[in-house]
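Colleague: Below you'll find the structure I mean.
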Amino acid sequence: MLDQMNQYIFNIYHYLLNLRDTVEYTIDREHTKAIFDSRKNVLTSGIAPTSALGNFFENNKEQGEKIKSRLEEVIKDFYSEDNTVIKVTEDGKIRVDHTQHIKVFDEIVGIQESIRDILFGYINYARQQNNANEDMEKLVATDERLTRSIFAMLIMREFEKSFAEFQKVMAESKGKPTPQSNFIVQNEIAKMAGLIRFSRAHAHCTDNETLDLLDDVNKVIEMTEGRRDRRNNKSFQDIFNDINRRLSDNVAKLEPIWKEIYEKLFKEMIEISQKKEAENKQA
């Protein structure tokens with residue numbers, strides 16, 4: 001069973017997971033109101049003073065205030081009733097404005113890194129106290145590899161669209177930069193390249209499989225920037241197809257491994273919570 005320290009770590013991890021999963025709304029598929037409401041609830045209640053993160057904010061005032069205010073912004077921008085990105089319709093369906101994917105990536109990739117750093121801080125503290133839990137460590141390590149692959153996979157899909165649009169605009173202007181091509185570069189391509197590089201630079205994982213894949217993503221970005229030659233003079237279409245396939249395969253491989261550990265620990269947390277509730281009733 002998870003001891004108190006590792007329950008605390010799991011609570012922070014659970015918050016991080018729901019924060020990260022906000023990027024799922026960039027996938028053009030059906031999303032349910034139940035999951036939207038559940039995420040909103042976790043993100044809102046998870047920064048309350050009585051929560052694990054709320055406690056961290058209280059004990060780390062200056063840093064905590066900054067992080068909390070950015071999390072409140074995420075809740076307002078994606079989960080409030082008047083947000084413009086993810087809407088709950090009158091018939092209980094979720095409607096996503098798919099023109100705002102970059103806004104989702106831009107807000108989530110950076111702030112989730114701050115929560116991940118807090119999480120690693122507590123894991124390191126648990127190790128120092130000889131209190132590390134093998135499953136908890138395994139969960140966080142697998143999650144990180146999965147998360148960085150998910151970010152790269154979803155952002156690269158969007159990046160490919162923006163790059164194709166840029167090439168089209170440049171072809172129309174016979175290779176001369178225009179206000180439109182400059183806009184695409186500055187507000188879309190450069191921003192997404194920056195987010196992918198930011199995620200890679202903050203990697204805690206050291207396995208070659210994940211890091212080599214993320215490095216290959218960066219190589220593709222360098223090719224689009226003209227800073228690296230395309231191998232065997234491959235077309236950009238082939239280059240994107242190849243990297244997108246490899247990213248999807250990696251996510252598909254890691255997800256079931258992550259899920260098995262997560263479900264085991266989530267079940268433990270439910271049992272602990274039910275036991276506490278029963279004890280409180282008896283008292």
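Letters A, B, ... mark the chains of the structure tokens in the order given; residue numbers begin at 1 per chain; ligand numbers begin at 1, in order shown.
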Report as a tab-separated table the residues of range 24-65 of chain A within 12 Å of range 151-171 of chain A, each with its shortest atom pair and distance in Å (one decimal), using only C-alpha atoms, ordered by chain and increasing residue number.
Modeller:
```
residue	atom	partner	partner_atom	distance
A:Glu24	CA	A:Leu154	CA	8.6
A:Tyr25	CA	A:Leu154	CA	10.4
A:Thr26	CA	A:Leu154	CA	7.6
A:Ile27	CA	A:Leu154	CA	7.8
A:Asp28	CA	A:Leu154	CA	11.0
```
Colleague: Please identify all polymer residues within 12 Å of Glu90 in chain A, counting only C-alpha atoms, omitting same-chain residues fewer than 5 positions from it, and present them as a list in words.
Modeller: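 Counting only the stated atoms, we get Lys33, Glu81 and Arg95 of chain A.
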Colleague: Kindly save the residues from that selection, with N, CA and C atoms included, as a compact mmCIF listing (two decimals), in the first residue's frame.
Modeller:
```
# COMPACT_ATOMS: atom_id res chain seq x y z
N LYS A 33 -18.51 14.89 -22.20
CA LYS A 33 -18.75 15.89 -21.16
C LYS A 33 -18.29 15.34 -19.80
N GLU A 81 -16.87 28.61 -18.33
CA GLU A 81 -18.04 28.66 -19.21
C GLU A 81 -17.86 29.61 -20.38
N ARG A 95 -17.57 20.72 -28.05
CA ARG A 95 -17.17 21.28 -29.34
C ARG A 95 -15.85 22.02 -29.17
```
Colleague: Which residues in range 224-275 of chain A does DSSP call alpha helix (DSSP H)? List them as an NGL selection string.
Modeller: :A and (224 or 236-275)
Colleague: So that I can check the surroundings of Ile272 in chain A, please list as a ChimeraX atom specification every protein, DNA and RNA residue that reaches within 12 Å of it, counting only C-alpha atoms and ignoring chain neighbours fewer than 5 positions away.
Modeller: /A:1-4,6-7,265-267,277-279
Colleague: Taking only C-alpha atoms into account, produce a table as JSON lines in which each residue of range 141-179 of chain A with an atom at most 8 Å from an atom of range 248-259 of chain A appears once, together with its shortest atom pair and the distance in Å to one decimal, ordered by chain and rising number.
Modeller:
```
{"residue": "A:Thr142", "atom": "CA", "partner": "A:Trp258", "partner_atom": "CA", "distance": 5.8}
{"residue": "A:Asp143", "atom": "CA", "partner": "A:Trp258", "partner_atom": "CA", "distance": 6.3}
{"residue": "A:Arg145", "atom": "CA", "partner": "A:Leu254", "partner_atom": "CA", "distance": 7.8}
{"residue": "A:Leu146", "atom": "CA", "partner": "A:Leu254", "partner_atom": "CA", "distance": 6.0}
{"residue": "A:Ser149", "atom": "CA", "partner": "A:Val251", "partner_atom": "CA", "distance": 6.2}
{"residue": "A:Ile150", "atom": "CA", "partner": "A:Val251", "partner_atom": "CA", "distance": 6.4}
{"residue": "A:Met153", "atom": "CA", "partner": "A:Ser248", "partner_atom": "CA", "distance": 6.6}
```
Colleague: Please write the residues from the selection above to a file, keeping N, CA, C and O atoms, as a JSON list (two decimals), in the first residue's frame.
Modeller:
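What ended up in result-v6.json:
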```
[["chain", "number", "residue", "atom", "x", "y", "z"],
["A", 142, "THR", "N", 7.63, 6.34, -16.59],
["A", 142, "THR", "CA", 6.94, 5.93, -17.83],
["A", 142, "THR", "C", 6.09, 7.07, -18.36],
["A", 142, "THR", "O", 6.04, 7.32, -19.56],
["A", 143, "ASP", "N", 5.42, 7.76, -17.44],
["A", 143, "ASP", "CA", 4.58, 8.89, -17.84],
["A", 143, "ASP", "C", 5.41, 9.95, -18.57],
["A", 143, "ASP", "O", 4.96, 10.52, -19.56],
["A", 145, "ARG", "N", 8.16, 9.65, -20.34],
["A", 145, "ARG", "CA", 8.51, 9.20, -21.69],
["A", 145, "ARG", "C", 7.29, 9.30, -22.61],
["A", 145, "ARG", "O", 7.39, 9.72, -23.76],
["A", 146, "LEU", "N", 6.13, 8.90, -22.05],
["A", 146, "LEU", "CA", 4.88, 8.94, -22.82],
["A", 146, "LEU", "C", 4.49, 10.39, -23.13],
["A", 146, "LEU", "O", 4.15, 10.72, -24.27],
["A", 149, "SER", "N", 6.55, 12.09, -25.79],
["A", 149, "SER", "CA", 6.21, 11.52, -27.10],
["A", 149, "SER", "C", 4.86, 12.05, -27.59],
["A", 149, "SER", "O", 4.69, 12.34, -28.77],
["A", 150, "ILE", "N", 3.89, 12.18, -26.65],
["A", 150, "ILE", "CA", 2.56, 12.70, -27.01],
["A", 150, "ILE", "C", 2.68, 14.16, -27.48],
["A", 150, "ILE", "O", 2.13, 14.54, -28.52],
["A", 153, "MET", "N", 4.29, 14.22, -30.86],
["A", 153, "MET", "CA", 3.39, 13.66, -31.87],
["A", 153, "MET", "C", 2.31, 14.68, -32.26],
["A", 153, "MET", "O", 2.09, 14.95, -33.44]]
```
Colleague: Can you build me a table of range 25-73 of chain A residues sitting at most 12 Å from range 120-137 of chain A, with the closest atom pair per residue and its distance in Å to one decimal, using only C-alpha atoms, sorted by chain and residue number, as JSON lines?
Modeller:
```
{"residue": "A:Ala52", "atom": "CA", "partner": "A:Tyr122", "partner_atom": "CA", "distance": 11.0}
{"residue": "A:Leu53", "atom": "CA", "partner": "A:Tyr122", "partner_atom": "CA", "distance": 11.2}
{"residue": "A:Phe56", "atom": "CA", "partner": "A:Tyr122", "partner_atom": "CA", "distance": 10.2}
```
Colleague: Write out the residues from the selection above, keeping N, CA and C atoms, as a PDB file, in the first residue's frame.
Modeller:
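The resulting file, selection13.pdb, is reproduced below:
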```pdb
ATOM      1  N   ALA A  52      -2.753  18.668  -2.107  1.00  0.00           N
ATOM      2  CA  ALA A  52      -1.295  18.475  -2.057  1.00  0.00           C
ATOM      3  C   ALA A  52      -0.560  19.663  -2.689  1.00  0.00           C
ATOM      4  N   LEU A  53      -1.031  20.101  -3.864  1.00  0.00           N
ATOM      5  CA  LEU A  53      -0.385  21.250  -4.531  1.00  0.00           C
ATOM      6  C   LEU A  53      -0.618  22.532  -3.747  1.00  0.00           C
ATOM      7  N   PHE A  56       1.848  22.801  -1.172  1.00  0.00           N
ATOM      8  CA  PHE A  56       3.157  23.207  -1.718  1.00  0.00           C
ATOM      9  C   PHE A  56       3.170  24.722  -1.946  1.00  0.00           C
TER      10      PHE A  56
END
```
Colleague: Given only C-alpha atoms as the basis, pick out the residue of A:Asp117, A:Glu263, A:Asp106, A:Asp21 nearest to Ile9 in chain A.
Modeller: A:Asp117
Colleague: When you look at Asp207 in chain A with a cut-off of 12 Å (counting only C-alpha atoms), what residues show up, excluding the ones that are within fewer than 3 positions of it in the same chain? I need them as JSON, numbers by chain.
Modeller: {"A": [141, 142, 144, 145, 203, 204, 210, 211, 212, 213, 214]}
Colleague: Please produce a file of those selected residues containing N, CA, C and O atoms, as a PDB file, in the first residue's frame.
Modeller:
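The file below, out24.pdb, is the result:
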```pdb
ATOM      1  N   ALA A 141       8.224   7.784 -14.230  1.00  0.00           N
ATOM      2  CA  ALA A 141       9.237   7.640 -15.289  1.00  0.00           C
ATOM      3  C   ALA A 141       8.586   7.275 -16.623  1.00  0.00           C
ATOM      4  O   ALA A 141       8.921   7.844 -17.674  1.00  0.00           O
ATOM      5  N   THR A 142       7.631   6.336 -16.590  1.00  0.00           N
ATOM      6  CA  THR A 142       6.941   5.926 -17.828  1.00  0.00           C
ATOM      7  C   THR A 142       6.091   7.070 -18.359  1.00  0.00           C
ATOM      8  O   THR A 142       6.043   7.322 -19.561  1.00  0.00           O
ATOM      9  N   GLU A 144       6.608  10.198 -18.068  1.00  0.00           N
ATOM     10  CA  GLU A 144       7.401  11.257 -18.706  1.00  0.00           C
ATOM     11  C   GLU A 144       7.767  10.891 -20.144  1.00  0.00           C
ATOM     12  O   GLU A 144       7.648  11.709 -21.053  1.00  0.00           O
ATOM     13  N   ARG A 145       8.163   9.649 -20.338  1.00  0.00           N
ATOM     14  CA  ARG A 145       8.510   9.203 -21.695  1.00  0.00           C
ATOM     15  C   ARG A 145       7.288   9.301 -22.612  1.00  0.00           C
ATOM     16  O   ARG A 145       7.385   9.717 -23.758  1.00  0.00           O
ATOM     17  N   ALA A 203      13.829  17.224 -20.417  1.00  0.00           N
ATOM     18  CA  ALA A 203      13.663  15.776 -20.191  1.00  0.00           C
ATOM     19  C   ALA A 203      14.480  15.304 -18.990  1.00  0.00           C
ATOM     20  O   ALA A 203      15.662  15.625 -18.867  1.00  0.00           O
ATOM     21  N   HIS A 204      13.832  14.561 -18.108  1.00  0.00           N
ATOM     22  CA  HIS A 204      14.523  13.902 -16.986  1.00  0.00           C
ATOM     23  C   HIS A 204      14.920  12.495 -17.400  1.00  0.00           C
ATOM     24  O   HIS A 204      15.823  11.912 -16.819  1.00  0.00           O
ATOM     25  N   THR A 210      13.737   7.046 -26.156  1.00  0.00           N
ATOM     26  CA  THR A 210      12.944   8.287 -26.134  1.00  0.00           C
ATOM     27  C   THR A 210      13.769   9.469 -26.628  1.00  0.00           C
ATOM     28  O   THR A 210      13.317  10.261 -27.466  1.00  0.00           O
ATOM     29  N   LEU A 211      14.993   9.589 -26.097  1.00  0.00           N
ATOM     30  CA  LEU A 211      15.814  10.763 -26.433  1.00  0.00           C
ATOM     31  C   LEU A 211      16.216  10.779 -27.906  1.00  0.00           C
ATOM     32  O   LEU A 211      16.218  11.840 -28.537  1.00  0.00           O
ATOM     33  N   ASP A 212      16.518   9.605 -28.467  1.00  0.00           N
ATOM     34  CA  ASP A 212      16.878   9.547 -29.898  1.00  0.00           C
ATOM     35  C   ASP A 212      15.701   9.978 -30.764  1.00  0.00           C
ATOM     36  O   ASP A 212      15.870  10.696 -31.752  1.00  0.00           O
ATOM     37  N   LEU A 213      14.499   9.541 -30.366  1.00  0.00           N
ATOM     38  CA  LEU A 213      13.303   9.898 -31.131  1.00  0.00           C
ATOM     39  C   LEU A 213      13.068  11.415 -31.068  1.00  0.00           C
ATOM     40  O   LEU A 213      12.803  12.060 -32.087  1.00  0.00           O
ATOM     41  N   LEU A 214      13.183  11.989 -29.864  1.00  0.00           N
ATOM     42  CA  LEU A 214      12.993  13.439 -29.711  1.00  0.00           C
ATOM     43  C   LEU A 214      14.069  14.212 -30.478  1.00  0.00           C
ATOM     44  O   LEU A 214      13.794  15.275 -31.062  1.00  0.00           O
TER      45      LEU A 214
END
```
Colleague: Nearest to Tyr79 in chain A among A:Leu247, A:Ala48, A:Leu43, A:Cys205, with distances taken over only C-alpha atoms: which residue is it?
Modeller: A:Leu43
Colleague: Would you return as number ranges by chain the members of range 41-161 of chain A that DSSP assigns to strand (DSSP E) on this structure's backbone?
Modeller: A: 86-88, 94-96
Colleague: Generate the output file for the selected residues, N, CA and C atoms, as a PDB file, in the first residue's frame.
Modeller:
```pdb
ATOM      1  N   ILE A  86     -12.866  25.239 -25.786  1.00  0.00           N
ATOM      2  CA  ILE A  86     -13.585  23.983 -25.557  1.00  0.00           C
ATOM      3  C   ILE A  86     -14.966  24.317 -24.995  1.00  0.00           C
ATOM      4  N   LYS A  87     -15.987  24.101 -25.792  1.00  0.00           N
ATOM      5  CA  LYS A  87     -17.351  24.478 -25.399  1.00  0.00           C
ATOM      6  C   LYS A  87     -18.207  23.248 -25.111  1.00  0.00           C
ATOM      7  N   VAL A  88     -18.994  23.332 -24.033  1.00  0.00           N
ATOM      8  CA  VAL A  88     -19.992  22.291 -23.778  1.00  0.00           C
ATOM      9  C   VAL A  88     -21.300  22.802 -24.383  1.00  0.00           C
ATOM     10  N   ILE A  94     -19.178  18.059 -26.594  1.00  0.00           N
ATOM     11  CA  ILE A  94     -18.000  18.932 -26.487  1.00  0.00           C
ATOM     12  C   ILE A  94     -17.629  19.405 -27.884  1.00  0.00           C
ATOM     13  N   ARG A  95     -17.566  20.718 -28.054  1.00  0.00           N
ATOM     14  CA  ARG A  95     -17.169  21.282 -29.344  1.00  0.00           C
ATOM     15  C   ARG A  95     -15.847  22.020 -29.170  1.00  0.00           C
ATOM     16  N   VAL A  96     -14.851  21.650 -29.970  1.00  0.00           N
ATOM     17  CA  VAL A  96     -13.514  22.253 -29.861  1.00  0.00           C
ATOM     18  C   VAL A  96     -13.268  23.171 -31.055  1.00  0.00           C
TER      19      VAL A  96
END
```
Colleague: With only C-alpha atoms as the atoms that count, which of A:Asp229, A:Lys103, A:Lys138, A:Glu172 lies nearest to Ile261 in chain A?
Modeller: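 Checking each of A:Asp229, A:Lys103, A:Lys138, A:Glu172 against Ile261 in chain A, counting only C-alpha atoms, the winner is A:Lys138.
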Colleague: Quick one: of A:Ile115, A:Glu271, A:Thr32, A:His101, who's nearest to Lys66 in chain A, counting only C-alpha atoms?
Modeller: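 Among the listed residues, the smallest separation from Lys66 in chain A belongs to A:Ile115.
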Colleague: Glu222 in chain A: which residues within 12 Å, counting only C-alpha atoms, same-chain residues fewer than 3 positions away excluded, as a ChimeraX atom specification?
Modeller: /A:189-190,193-194,196-197,215-219,225-230,236,239
Colleague: Just to be explicit: take each residue in the selection above, keep N, CA and C atoms, and write the result as a JSON list (two decimals), in the first residue's frame.
Modeller:
```json
[["chain", "number", "residue", "atom", "x", "y", "z"],
["A", 189, "ILE", "N", 5.06, 28.34, -36.84],
["A", 189, "ILE", "CA", 6.22, 27.45, -36.97],
["A", 189, "ILE", "C", 7.24, 27.66, -35.85],
["A", 190, "ALA", "N", 7.66, 28.90, -35.63],
["A", 190, "ALA", "CA", 8.69, 29.18, -34.62],
["A", 190, "ALA", "C", 8.18, 28.85, -33.22],
["A", 193, "ALA", "N", 8.10, 24.98, -32.88],
["A", 193, "ALA", "CA", 9.48, 24.47, -32.80],
["A", 193, "ALA", "C", 10.04, 24.75, -31.40],
["A", 194, "GLY", "N", 9.74, 25.93, -30.88],
["A", 194, "GLY", "CA", 10.20, 26.31, -29.54],
["A", 194, "GLY", "C", 9.62, 25.40, -28.46],
["A", 196, "ILE", "N", 8.53, 22.25, -28.81],
["A", 196, "ILE", "CA", 9.12, 20.90, -28.94],
["A", 196, "ILE", "C", 10.53, 20.90, -28.34],
["A", 197, "ARG", "N", 11.29, 21.93, -28.62],
["A", 197, "ARG", "CA", 12.67, 22.02, -28.08],
["A", 197, "ARG", "C", 12.66, 22.23, -26.57],
["A", 215, "ASP", "N", 15.28, 13.66, -30.49],
["A", 215, "ASP", "CA", 16.36, 14.32, -31.26],
["A", 215, "ASP", "C", 16.07, 14.26, -32.76],
["A", 216, "ASP", "N", 15.48, 13.15, -33.20],
["A", 216, "ASP", "CA", 15.13, 13.03, -34.62],
["A", 216, "ASP", "C", 14.01, 14.00, -35.01],
["A", 217, "VAL", "N", 13.11, 14.27, -34.06],
["A", 217, "VAL", "CA", 12.06, 15.28, -34.29],
["A", 217, "VAL", "C", 12.73, 16.64, -34.52],
["A", 218, "ASN", "N", 13.72, 16.93, -33.69],
["A", 218, "ASN", "CA", 14.43, 18.21, -33.83],
["A", 218, "ASN", "C", 15.18, 18.29, -35.17],
["A", 219, "LYS", "N", 15.69, 17.16, -35.63],
["A", 219, "LYS", "CA", 16.38, 17.14, -36.93],
["A", 219, "LYS", "C", 15.42, 17.53, -38.05],
["A", 225, "GLU", "N", 13.91, 24.40, -41.35],
["A", 225, "GLU", "CA", 14.51, 25.74, -41.14],
["A", 225, "GLU", "C", 15.69, 25.99, -42.09],
["A", 226, "GLY", "N", 16.04, 24.96, -42.87],
["A", 226, "GLY", "CA", 17.18, 25.08, -43.78],
["A", 226, "GLY", "C", 18.52, 24.98, -43.06],
["A", 227, "ARG", "N", 18.50, 24.48, -41.81],
["A", 227, "ARG", "CA", 19.74, 24.35, -41.04],
["A", 227, "ARG", "C", 20.35, 22.96, -41.15],
["A", 228, "ARG", "N", 19.63, 22.07, -41.84],
["A", 228, "ARG", "CA", 20.12, 20.68, -42.00],
["A", 228, "ARG", "C", 19.61, 20.17, -43.34],
["A", 229, "ASP", "N", 20.48, 19.43, -44.06],
["A", 229, "ASP", "CA", 20.07, 18.86, -45.36],
["A", 229, "ASP", "C", 19.13, 17.67, -45.14],
["A", 230, "ARG", "N", 18.24, 17.49, -46.10],
["A", 230, "ARG", "CA", 17.36, 16.31, -46.06],
["A", 230, "ARG", "C", 18.17, 15.10, -46.51],
["A", 236, "PHE", "N", 9.73, 16.38, -48.18],
["A", 236, "PHE", "CA", 9.27, 16.70, -46.84],
["A", 236, "PHE", "C", 8.08, 15.82, -46.44],
["A", 239, "ILE", "N", 9.45, 12.68, -45.12],
["A", 239, "ILE", "CA", 10.13, 12.93, -43.84],
["A", 239, "ILE", "C", 9.09, 13.05, -42.72]]
```
Colleague: So which one's closest to Ile270 in chain A, A:Asn11, A:Ser181, A:Thr89, A:Thr84? Using only C-alpha atoms, please.
Modeller: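 Of the candidates, the smallest distance to Ile270 in chain A is held by A:Asn11.
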Colleague: Would you please work out which residue, of A:Ile67, A:Met223, A:Val85, A:Met269, is nearest to Arg116 in chain A when using only C-alpha atoms?
Modeller: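 That would be A:Ile67, the residue with the smallest distance to Arg116 in chain A.
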Colleague: So the first atom is CA of Gly92 in chain A and the second is CA of Phe78 in chain A; what is the distance between them in Å, to one decimal place?
Modeller: 16.3 Å
